$ cat run_17.csv   # CSV, C-alpha atoms and all ligand atoms
chain,number,residue,atom,x,y,z
A,1,MET,CA,183.4,33.8,265.3
A,2,ILE,CA,186.0,31.2,264.6
A,3,LYS,CA,183.3,28.5,264.1
A,4,SER,CA,181.5,30.8,261.7
A,5,ILE,CA,184.7,31.2,259.6
A,6,LEU,CA,185.3,27.4,259.8
A,7,ARG,CA,181.7,26.7,258.8
A,8,TRP,CA,181.8,28.7,255.6
A,9,GLY,CA,185.5,28.4,254.9
A,10,SER,CA,186.4,24.8,255.6
A,11,TRP,CA,185.1,23.2,252.4
A,12,PRO,CA,186.6,25.6,249.9
A,13,PHE,CA,189.8,25.9,251.8
A,14,LEU,CA,190.4,22.2,252.2
A,15,MET,CA,189.3,21.5,248.6
A,16,VAL,CA,191.7,24.2,247.1
A,17,THR,CA,194.6,23.2,249.3
A,18,CYS,CA,194.2,19.5,248.4
A,19,LEU,CA,194.0,20.3,244.7
A,20,MET,CA,197.1,22.5,245.0
A,21,LEU,CA,199.0,19.8,246.7
A,22,PHE,CA,198.0,17.3,244.1
A,23,GLY,CA,198.9,19.8,241.4
A,24,VAL,CA,202.5,20.1,242.9
A,25,GLY,CA,202.7,16.3,242.8
A,26,MET,CA,201.6,16.2,239.1
A,27,ALA,CA,204.2,18.9,238.3
A,28,LEU,CA,206.9,16.9,240.1
A,29,ASP,CA,205.8,13.7,238.5
A,30,LEU,CA,205.1,12.3,242.0
A,31,PRO,CA,201.3,12.0,241.9
A,32,ILE,CA,200.9,9.0,244.2
A,33,ILE,CA,203.0,10.5,247.0
A,34,PHE,CA,201.4,13.9,246.8
A,35,PHE,CA,197.9,12.4,246.5
A,36,ASN,CA,198.4,10.4,249.6
A,37,LEU,CA,199.8,13.4,251.5
A,38,ALA,CA,196.8,15.5,250.5
A,39,TYR,CA,194.4,12.7,251.4
A,40,VAL,CA,196.0,12.2,254.9
A,41,TYR,CA,196.0,16.0,255.5
A,42,LEU,CA,192.3,16.2,254.5
A,43,ALA,CA,191.3,13.2,256.7
A,44,LEU,CA,193.2,14.6,259.7
A,45,CYS,CA,191.6,18.1,259.3
A,46,LEU,CA,188.1,16.6,259.0
A,47,PHE,CA,188.7,14.2,261.9
A,48,PHE,CA,189.4,17.1,264.2
A,49,LEU,CA,186.6,19.3,262.8
A,50,GLU,CA,184.1,16.4,263.3
A,51,ARG,CA,185.0,16.6,267.0
A,52,PHE,CA,185.2,20.4,267.3
A,53,MET,CA,182.0,21.2,265.4
A,54,PRO,CA,180.0,18.1,264.5
A,55,HIS,CA,176.9,18.3,262.3
A,56,GLU,CA,175.2,15.6,264.3
A,57,ARG,CA,176.6,14.9,267.8
A,58,ALA,CA,174.7,11.6,267.8
A,59,TRP,CA,176.8,10.4,264.9
A,60,LEU,CA,180.0,10.7,266.9
A,61,GLY,CA,179.2,7.5,268.9
A,62,SER,CA,180.3,4.1,267.7
A,63,ASP,CA,178.1,2.1,265.4
A,64,GLY,CA,180.0,-1.1,265.7
A,65,GLN,CA,180.9,-0.9,262.0
A,66,LEU,CA,184.4,0.6,262.2
A,67,ALA,CA,186.2,-2.5,261.2
A,68,GLN,CA,183.7,-3.3,258.4
A,69,ASP,CA,184.0,0.3,257.1
A,70,LEU,CA,187.8,0.1,257.0
A,71,LEU,CA,187.8,-3.4,255.4
A,72,HIS,CA,185.4,-2.2,252.7
A,73,THR,CA,187.6,0.8,252.1
A,74,LEU,CA,190.7,-1.4,251.8
A,75,SER,CA,188.9,-3.7,249.4
A,76,SER,CA,187.2,-1.1,247.2
A,77,LYS,CA,189.3,2.0,247.3
A,78,GLY,CA,192.6,0.4,248.2
A,79,LEU,CA,192.4,-2.5,245.8
A,80,VAL,CA,190.3,-1.3,243.0
A,81,GLN,CA,191.1,2.4,242.8
A,82,GLY,CA,194.7,2.0,244.1
A,83,LEU,CA,195.5,-0.6,241.5
A,84,LEU,CA,193.5,0.9,238.7
A,85,MET,CA,194.0,4.6,239.1
A,86,PHE,CA,197.4,5.0,240.8
A,87,GLY,CA,199.5,2.0,241.8
A,88,GLY,CA,198.7,0.3,238.5
A,89,VAL,CA,198.6,3.4,236.3
A,90,ILE,CA,202.2,2.9,235.2
A,91,GLY,CA,201.5,-0.7,234.2
A,92,LEU,CA,198.0,-0.1,233.0
A,93,SER,CA,199.2,2.8,230.8
A,94,ASN,CA,200.9,0.2,228.6
A,95,TRP,CA,197.4,-0.7,227.4
A,96,LEU,CA,195.4,2.4,228.4
A,97,VAL,CA,197.4,4.8,226.4
A,98,PRO,CA,197.4,2.8,223.2
A,99,ALA,CA,193.7,2.1,223.8
A,100,ALA,CA,193.1,5.9,224.1
A,101,GLU,CA,195.1,6.6,221.0
A,102,ALA,CA,193.4,3.8,219.1
A,103,SER,CA,190.0,5.1,220.0
A,104,ARG,CA,190.7,8.2,217.9
A,105,GLY,CA,188.4,10.0,220.4
A,106,ILE,CA,187.3,13.5,220.0
A,107,TRP,CA,189.1,14.7,223.0
A,108,PRO,CA,190.4,18.3,222.7
A,109,HIS,CA,194.1,17.7,223.5
A,110,GLU,CA,194.9,21.3,222.6
A,111,TRP,CA,192.8,22.8,225.4
A,112,PRO,CA,194.6,24.1,228.6
A,113,ILE,CA,195.0,21.2,231.0
A,114,ALA,CA,192.7,22.9,233.6
A,115,ALA,CA,189.9,23.0,231.0
A,116,GLN,CA,190.6,19.4,230.0
A,117,VAL,CA,190.3,18.4,233.7
A,118,ILE,CA,187.0,20.2,234.0
A,119,LEU,CA,185.7,18.4,230.9
A,120,GLY,CA,187.0,15.1,232.3
A,121,VAL,CA,185.2,15.7,235.6
A,122,VAL,CA,181.9,16.6,233.9
A,123,ALA,CA,182.1,13.8,231.3
A,124,GLY,CA,183.2,11.2,233.9
A,125,GLU,CA,180.4,12.4,236.1
A,126,PHE,CA,177.9,11.4,233.5
A,127,MET,CA,178.8,7.8,233.9
A,128,LEU,CA,179.3,8.1,237.7
A,129,TYR,CA,175.8,9.6,237.9
A,130,TRP,CA,174.1,6.8,235.9
A,131,ALA,CA,176.0,4.1,237.7
A,132,HIS,CA,174.9,5.5,241.0
A,133,ARG,CA,171.3,6.1,239.8
A,134,LEU,CA,171.1,2.5,238.5
A,135,GLY,CA,172.5,1.4,241.8
A,136,HIS,CA,169.4,2.8,243.5
A,137,ARG,CA,166.8,1.9,240.9
A,138,TRP,CA,167.9,-1.6,239.6
A,139,PRO,CA,167.5,-4.2,242.4
A,140,PRO,CA,170.6,-6.4,241.5
A,141,MET,CA,172.8,-3.3,241.6
A,142,TRP,CA,171.0,-2.0,244.7
A,143,ALA,CA,172.1,-5.2,246.5
A,144,PHE,CA,175.7,-4.0,246.1
A,145,HIS,CA,175.0,-0.3,246.8
A,146,ALA,CA,172.9,-1.1,249.9
A,147,ILE,CA,176.1,-1.9,251.8
A,148,HIS,CA,177.1,1.8,251.5
A,149,HIS,CA,173.7,3.0,252.5
A,150,SER,CA,173.3,0.6,255.5
A,151,VAL,CA,175.3,2.9,257.7
A,152,LYS,CA,173.4,4.7,260.5
A,153,ARG,CA,175.7,7.7,260.7
A,154,LEU,CA,177.9,9.6,258.3
A,155,TRP,CA,181.5,10.4,259.0
A,156,ILE,CA,184.8,10.3,257.1
A,157,VAL,CA,185.5,6.6,257.8
A,158,ASN,CA,182.4,5.3,255.9
A,159,THR,CA,183.5,7.3,252.8
A,160,GLY,CA,185.0,4.1,251.4
A,161,ARG,CA,182.4,1.7,252.6
A,162,PHE,CA,181.4,0.3,249.2
A,163,HIS,CA,181.2,-3.3,248.1
A,164,PHE,CA,184.3,-3.5,245.8
A,165,ILE,CA,182.1,-4.6,242.8
A,166,ASP,CA,180.0,-1.4,243.3
A,167,SER,CA,183.2,0.7,243.1
A,168,LEU,CA,184.5,-1.3,240.2
A,169,ILE,CA,181.3,-0.8,238.1
A,170,SER,CA,181.4,3.1,238.6
A,171,ILE,CA,185.2,3.2,237.9
A,172,VAL,CA,185.0,1.1,234.7
A,173,MET,CA,182.1,3.1,233.4
A,174,ALA,CA,183.7,6.5,234.0
A,175,LEU,CA,187.1,5.4,232.9
A,176,GLY,CA,185.8,3.6,229.9
A,177,LEU,CA,184.0,6.8,228.6
A,178,LEU,CA,187.2,8.9,229.1
A,179,ILE,CA,189.3,6.4,227.3
A,180,TRP,CA,186.7,6.1,224.5
A,181,LEU,CA,186.8,9.9,224.2
A,182,GLY,CA,190.6,9.8,224.0
A,183,ALA,CA,191.3,11.6,227.3
A,184,PRO,CA,195.0,11.7,228.4
A,185,MET,CA,196.1,9.8,231.6
A,186,GLU,CA,196.7,13.2,233.2
A,187,VAL,CA,193.0,13.9,233.1
A,188,VAL,CA,192.2,10.4,234.5
A,189,LYS,CA,194.6,11.0,237.4
A,190,TRP,CA,193.0,14.4,238.1
A,191,LEU,CA,189.5,12.9,238.0
A,192,SER,CA,190.4,10.2,240.5
A,193,ALA,CA,192.0,12.6,242.9
A,194,VAL,CA,189.1,15.1,242.7
A,195,THR,CA,186.6,12.2,243.3
A,196,ALA,CA,188.6,11.0,246.3
A,197,PHE,CA,188.8,14.5,247.9
A,198,ILE,CA,185.2,15.4,247.3
A,199,GLY,CA,184.1,11.9,248.5
A,200,LEU,CA,185.8,12.4,251.8
A,201,LEU,CA,184.4,15.9,252.3
A,202,THR,CA,180.9,14.7,251.2
A,203,HIS,CA,180.7,12.1,254.0
A,204,CYS,CA,182.2,14.2,256.8
A,205,ASN,CA,180.1,14.9,259.9
A,206,VAL,CA,181.2,18.6,260.2
A,207,ASP,CA,178.8,21.5,260.6
A,208,MET,CA,179.5,23.4,257.4
A,209,LYS,CA,177.7,25.9,255.3
A,210,PHE,CA,177.7,26.0,251.5
A,211,GLY,CA,175.4,28.4,249.8
A,212,PRO,CA,176.0,28.4,246.0
A,213,ILE,CA,178.8,25.8,246.4
A,214,SER,CA,176.0,23.2,246.7
A,215,TRP,CA,174.5,24.3,243.3
A,216,LEU,CA,177.7,23.1,241.6
A,217,PHE,CA,179.4,20.5,243.7
A,218,ASN,CA,178.3,17.5,245.8
A,219,THR,CA,178.6,18.6,249.4
A,220,PRO,CA,177.8,17.0,252.8
A,221,GLU,CA,174.5,18.9,253.0
A,222,LEU,CA,173.3,17.4,249.7
A,223,HIS,CA,174.7,13.9,250.5
A,224,ARG,CA,172.9,13.8,253.8
A,225,TRP,CA,169.6,13.9,251.9
A,226,HIS,CA,170.8,11.1,249.7
A,227,HIS,CA,171.2,8.9,252.8
A,228,SER,CA,167.7,9.6,254.0
A,229,LYS,CA,165.4,6.6,254.5
A,230,ASP,CA,162.6,8.6,252.9
A,231,LEU,CA,163.0,7.9,249.2
A,232,ARG,CA,161.5,11.3,248.2
A,233,GLU,CA,164.8,12.6,249.7
A,234,GLY,CA,167.1,9.6,249.3
A,235,ASP,CA,166.5,8.9,245.6
A,236,LYS,CA,168.1,12.3,244.8
A,237,ASN,CA,171.5,13.9,244.5
A,238,TYR,CA,173.3,11.1,242.6
A,239,GLY,CA,176.2,13.2,241.5
A,240,GLU,CA,179.6,12.2,243.0
A,241,ASN,CA,181.5,15.3,242.3
A,242,VAL,CA,179.4,17.9,240.4
A,243,MET,CA,175.7,18.3,240.4
A,244,LEU,CA,175.2,19.1,236.7
A,245,TRP,CA,173.6,15.8,235.7
A,246,ASP,CA,171.2,16.0,238.7
A,247,TRP,CA,170.0,19.3,237.4
A,248,VAL,CA,169.7,18.0,233.9
A,249,PHE,CA,167.9,14.8,234.9
A,250,ARG,CA,165.9,16.4,237.6
A,251,SER,CA,167.2,14.6,240.7
A,252,TYR,CA,168.7,17.6,242.5
A,253,PHE,CA,167.3,18.0,246.0
A,254,ASN,CA,168.1,20.5,248.8
A,255,GLU,CA,165.7,22.1,251.2
A,256,ASP,CA,166.2,24.7,253.9
A,257,ARG,CA,165.7,22.4,256.9
A,258,ARG,CA,167.8,19.8,258.7
A,259,PRO,CA,168.2,16.5,256.9
A,260,PRO,CA,167.1,13.4,259.0
A,261,VAL,CA,169.5,12.1,261.7
A,262,ASP,CA,167.9,8.6,261.4
A,263,ILE,CA,169.5,7.3,258.1
A,264,GLY,CA,169.9,3.9,256.7
A,265,ILE,CA,168.0,1.3,254.7
A,266,LYS,CA,164.9,-0.7,255.2
A,267,GLN,CA,166.3,-4.1,254.5
A,268,PRO,CA,168.3,-6.1,257.0
A,269,MET,CA,172.1,-6.2,256.6
A,270,PRO,CA,174.4,-8.8,258.2
A,271,VAL,CA,177.0,-7.4,260.6
A,272,PRO,CA,180.2,-9.4,259.7
A,273,PHE,CA,182.3,-8.1,256.8
A,274,ARG,CA,182.4,-11.4,255.0
A,275,HIS,CA,178.7,-11.7,255.0
A,276,GLN,CA,178.3,-8.2,253.7
A,277,LEU,CA,180.5,-9.2,250.8
A,278,LEU,CA,178.3,-12.1,250.1
A,279,TYR,CA,175.0,-10.2,250.7
A,280,PRO,CA,174.4,-9.1,247.1
A,281,PHE,CA,174.6,-12.7,245.9
A,282,ARG,CA,172.5,-14.3,248.6
A,283,ARG,CA,170.2,-11.6,249.9
A,284,ASN,CA,167.1,-13.7,250.2
A,285,TYR,CA,169.1,-16.1,252.3
A,286,TYR,CA,170.3,-13.3,254.6
A,287,HIS,CA,166.9,-11.7,254.8
A,288,SER,CA,165.5,-15.0,256.1
A,289,LEU,CA,168.1,-15.5,258.8
A,290,LYS,CA,167.7,-14.8,262.5
A,291,PHE,CA,171.3,-14.4,263.3
A,292,LYS,CA,173.0,-11.2,264.2
A,293,ARG,CA,171.9,-8.6,261.8
A,294,MET,CA,172.5,-4.8,261.7
A,295,ASP,CA,168.7,-4.3,262.3
A,296,LYS,CA,168.6,-6.6,265.3
A,297,ASP,CA,172.0,-5.7,266.9
A,298,PRO,CA,171.2,-4.1,270.2
A,299,ASN,CA,174.5,-2.3,270.1
A,300,VAL,CA,173.4,0.4,267.7
A,301,PHE,CA,172.0,-0.5,264.4
A,302,TYR,CA,168.3,0.0,263.6
A,401,ZN,ZN,173.7,6.1,246.9

$ encode --input "run_17.csv" --output "structure tokens" --more "lines below"
Ligand SMILES: [Zn+2]
Amino acid sequence: MIKSILRWGSWPFLMVTCLMLFGVGMALDLPIIFFNLAYVYLALCLFFLERFMPHERAWLGSDGQLAQDLLHTLSSKGLVQGLLMFGGVIGLSNWLVPAAEASRGIWPHEWPIAAQVILGVVAGEFMLYWAHRLGHRWPPMWAFHAIHHSVKRLWIVNTGRFHFIDSLISIVMALGLLIWLGAPMEVVKWLSAVTAFIGLLTHCNVDMKFGPISWLFNTPELHRWHHSKDLREGDKNYGENVMLWDWVFRSYFNEDRRPPVDIGIKQPMPVPFRHQLLYPFRRNYYHSLKFKRMDKDPNVFY
């Protein structure tokens, strides 16, 4: 009974409470503090839910990539998003706001802020969608994105496992469009908070049910298909927050069966963090090496 409530209720409850907390922070003009509060609250709830009702018990074991996941998170989310979206917003607004004003964009500033945020999420998603789709379809960009997909299990800690250049490309594309359209910084902050909350939820290893929520939003059930080795399932569901553009560009995928437990990529990926950072630039070299690789590591990978 309690698990059934948690299965259906966790995603909407956690999402709504995080948005409310962030909304309080925005109202009090303390967005960074309240964003971090909400993020820690969400991570803690999901950490306990992953142990109480995991989607895949096999994914609870160590994959030997904890340090790498955290270092990628620090370098991509911490450095890039932190500086660009929050920590540096005050400094960046010195040039972002004039740039937005100078763009004389068509942004509807007179709309209620909630409607502007929805517009910002949908418009920003257009760029996030295409950055992500290119990341799968264009080999030089796949070399960066492959680091995210090299994981053999999904859980909250590999949410931030992105090569920082991969993150930077998506952020610059989405933010660039919003600035060009003339969106206010308030909308940019909301978009970055929504992306962070949905991203953490999307990667969690919790046994949740979604129904129509998955028609609109990116959920763990959709994202588990996206991590499939079978490209008929993996080259789908590119949306980061909302699924609109997957419907429009015909890449939406969800079937009424269990997604594969054996996820990952076909190429070898080096184990050490520093080599993963270098991998996109020297992948032929890494593919030829015989040293410790994720596909040869007896500990877990491949
Ligand atoms: Zn992907």

$ closest_residue --input "run_17.csv" --among "A:Met141, A:Val151, A:Val242, A:Cys45" --to "A:Phe13" --atoms "only C-alpha atoms"
A:Cys45

$ closest_atom_pairs --input "run_17.csv" --of "chain A" --to "ligand ZN 401 (chain A)" --cutoff "9 Å" --atoms "all atoms listed in the file" --output "JSON lines"
{"residue": "A:His132", "atom": "CA", "partner": "A:ZN401", "partner_atom": "ZN", "distance": 6.1}
{"residue": "A:Arg133", "atom": "CA", "partner": "A:ZN401", "partner_atom": "ZN", "distance": 7.5}
{"residue": "A:Gly135", "atom": "CA", "partner": "A:ZN401", "partner_atom": "ZN", "distance": 7.0}
{"residue": "A:His136", "atom": "CA", "partner": "A:ZN401", "partner_atom": "ZN", "distance": 6.4}
{"residue": "A:Trp142", "atom": "CA", "partner": "A:ZN401", "partner_atom": "ZN", "distance": 8.8}
{"residue": "A:His145", "atom": "CA", "partner": "A:ZN401", "partner_atom": "ZN", "distance": 6.5}
{"residue": "A:Ala146", "atom": "CA", "partner": "A:ZN401", "partner_atom": "ZN", "distance": 7.8}
{"residue": "A:His148", "atom": "CA", "partner": "A:ZN401", "partner_atom": "ZN", "distance": 7.2}
{"residue": "A:His149", "atom": "CA", "partner": "A:ZN401", "partner_atom": "ZN", "distance": 6.4}
{"residue": "A:His223", "atom": "CA", "partner": "A:ZN401", "partner_atom": "ZN", "distance": 8.6}
{"residue": "A:His226", "atom": "CA", "partner": "A:ZN401", "partner_atom": "ZN", "distance": 6.4}
{"residue": "A:His227", "atom": "CA", "partner": "A:ZN401", "partner_atom": "ZN", "distance": 7.0}
{"residue": "A:Gly234", "atom": "CA", "partner": "A:ZN401", "partner_atom": "ZN", "distance": 7.8}
{"residue": "A:Asp235", "atom": "CA", "partner": "A:ZN401", "partner_atom": "ZN", "distance": 7.8}
{"residue": "A:Lys236", "atom": "CA", "partner": "A:ZN401", "partner_atom": "ZN", "distance": 8.6}
{"residue": "A:Asn237", "atom": "CA", "partner": "A:ZN401", "partner_atom": "ZN", "distance": 8.5}
{"residue": "A:Tyr238", "atom": "CA", "partner": "A:ZN401", "partner_atom": "ZN", "distance": 6.6}

$ atom_distance --input "run_17.csv" --atom1 "atom CA of A:Leu19" --atom2 "atom CA of A:Leu42"
10.8 Å

$ atom_distance --input "run_17.csv" --atom1 "atom CA of A:Ile2" --atom2 "atom CA of A:Phe52"
11.2 Å

$ closest_residue --input "run_17.csv" --among "A:Ile5, A:Ala174, A:Ile263, A:Met243" --to "A:Ala131" --atoms "only C-alpha atoms"
A:Ala174

$ residues_around --input "run_17.csv" --residues "stretch 197-203 of chain A" --least-positions-apart "3" --cutoff "6 Å" --atoms "only C-alpha atoms" --output "list in words"
Leu154, Trp155, Ile156, Thr159, Val194, Thr219 and Pro220 of chain A

$ closest_residue --input "run_17.csv" --among "A:Gly211, A:Pro259, A:Gly124, A:Gly64" --to "A:Trp11" --atoms "only C-alpha atoms"
A:Gly211

$ closest_atom_pairs --input "run_17.csv" --of "stretch 164-250 of chain A" --to "stretch 110-123 of chain A" --cutoff "12 Å" --atoms "all atoms listed in the file" --output "JSON lines"
{"residue": "A:Met173", "atom": "CA", "partner": "A:Ala123", "partner_atom": "CA", "distance": 10.9}
{"residue": "A:Ala174", "atom": "CA", "partner": "A:Ala123", "partner_atom": "CA", "distance": 7.9}
{"residue": "A:Leu175", "atom": "CA", "partner": "A:Gly120", "partner_atom": "CA", "distance": 9.7}
{"residue": "A:Gly176", "atom": "CA", "partner": "A:Ala123", "partner_atom": "CA", "distance": 10.9}
{"residue": "A:Leu177", "atom": "CA", "partner": "A:Ala123", "partner_atom": "CA", "distance": 7.7}
{"residue": "A:Leu178", "atom": "CA", "partner": "A:Gly120", "partner_atom": "CA", "distance": 7.0}
{"residue": "A:Ile179", "atom": "CA", "partner": "A:Gly120", "partner_atom": "CA", "distance": 10.3}
{"residue": "A:Trp180", "atom": "CA", "partner": "A:Ala123", "partner_atom": "CA", "distance": 11.3}
{"residue": "A:Leu181", "atom": "CA", "partner": "A:Ala123", "partner_atom": "CA", "distance": 9.4}
{"residue": "A:Gly182", "atom": "CA", "partner": "A:Gly120", "partner_atom": "CA", "distance": 10.5}
{"residue": "A:Ala183", "atom": "CA", "partner": "A:Gly120", "partner_atom": "CA", "distance": 7.5}
{"residue": "A:Pro184", "atom": "CA", "partner": "A:Gln116", "partner_atom": "CA", "distance": 9.0}
{"residue": "A:Met185", "atom": "CA", "partner": "A:Gly120", "partner_atom": "CA", "distance": 10.6}
{"residue": "A:Glu186", "atom": "CA", "partner": "A:Val117", "partner_atom": "CA", "distance": 8.3}
{"residue": "A:Val187", "atom": "CA", "partner": "A:Val117", "partner_atom": "CA", "distance": 5.3}
{"residue": "A:Val188", "atom": "CA", "partner": "A:Gly120", "partner_atom": "CA", "distance": 7.3}
{"residue": "A:Lys189", "atom": "CA", "partner": "A:Val117", "partner_atom": "CA", "distance": 9.3}
{"residue": "A:Trp190", "atom": "CA", "partner": "A:Val117", "partner_atom": "CA", "distance": 6.5}
{"residue": "A:Leu191", "atom": "CA", "partner": "A:Val121", "partner_atom": "CA", "distance": 5.7}
{"residue": "A:Ser192", "atom": "CA", "partner": "A:Val121", "partner_atom": "CA", "distance": 9.0}
{"residue": "A:Ala193", "atom": "CA", "partner": "A:Val121", "partner_atom": "CA", "distance": 10.4}
{"residue": "A:Val194", "atom": "CA", "partner": "A:Val121", "partner_atom": "CA", "distance": 8.1}
{"residue": "A:Thr195", "atom": "CA", "partner": "A:Val121", "partner_atom": "CA", "distance": 8.6}
{"residue": "A:Ile198", "atom": "CA", "partner": "A:Val121", "partner_atom": "CA", "distance": 11.7}
{"residue": "A:Leu216", "atom": "CA", "partner": "A:Val122", "partner_atom": "CA", "distance": 10.9}
{"residue": "A:Phe217", "atom": "CA", "partner": "A:Val122", "partner_atom": "CA", "distance": 10.8}
{"residue": "A:Gly239", "atom": "CA", "partner": "A:Val122", "partner_atom": "CA", "distance": 10.1}
{"residue": "A:Glu240", "atom": "CA", "partner": "A:Val121", "partner_atom": "CA", "distance": 9.9}
{"residue": "A:Asn241", "atom": "CA", "partner": "A:Val121", "partner_atom": "CA", "distance": 7.7}
{"residue": "A:Val242", "atom": "CA", "partner": "A:Val122", "partner_atom": "CA", "distance": 7.1}
{"residue": "A:Met243", "atom": "CA", "partner": "A:Val122", "partner_atom": "CA", "distance": 9.1}
{"residue": "A:Leu244", "atom": "CA", "partner": "A:Val122", "partner_atom": "CA", "distance": 7.7}
{"residue": "A:Trp245", "atom": "CA", "partner": "A:Val122", "partner_atom": "CA", "distance": 8.5}
{"residue": "A:Asp246", "atom": "CA", "partner": "A:Val122", "partner_atom": "CA", "distance": 11.7}

$ atom_distance --input "run_17.csv" --atom1 "atom CA of A:Leu134" --atom2 "atom CA of A:Trp215"
22.6 Å

$ decode --input "run_17.csv" --residues "stretch 46-60 of chain A" --atoms "C-alpha atoms" --output "PDB file, in the first residue's frame"
ATOM      1  CA  LEU A  46      15.768   9.805  -3.863  1.00  0.00           C
ATOM      2  CA  PHE A  47      18.786   8.238  -2.149  1.00  0.00           C
ATOM      3  CA  PHE A  48      16.509   6.612   0.455  1.00  0.00           C
ATOM      4  CA  LEU A  49      13.841   5.675  -2.105  1.00  0.00           C
ATOM      5  CA  GLU A  50      16.508   3.985  -4.266  1.00  0.00           C
ATOM      6  CA  ARG A  51      17.259   1.688  -1.343  1.00  0.00           C
ATOM      7  CA  PHE A  52      13.647   1.221  -0.192  1.00  0.00           C
ATOM      8  CA  MET A  53      12.144   0.490  -3.620  1.00  0.00           C
ATOM      9  CA  PRO A  54      14.794   0.225  -6.368  1.00  0.00           C
ATOM     10  CA  HIS A  55      13.789  -0.163  -9.992  1.00  0.00           C
ATOM     11  CA  GLU A  56      16.785  -2.477 -10.618  1.00  0.00           C
ATOM     12  CA  ARG A  57      18.335  -4.133  -7.575  1.00  0.00           C
ATOM     13  CA  ALA A  58      21.383  -4.950  -9.717  1.00  0.00           C
ATOM     14  CA  TRP A  59      22.067  -1.222 -10.125  1.00  0.00           C
ATOM     15  CA  LEU A  60      22.531  -0.755  -6.356  1.00  0.00           C
TER      16      LEU A  60
END
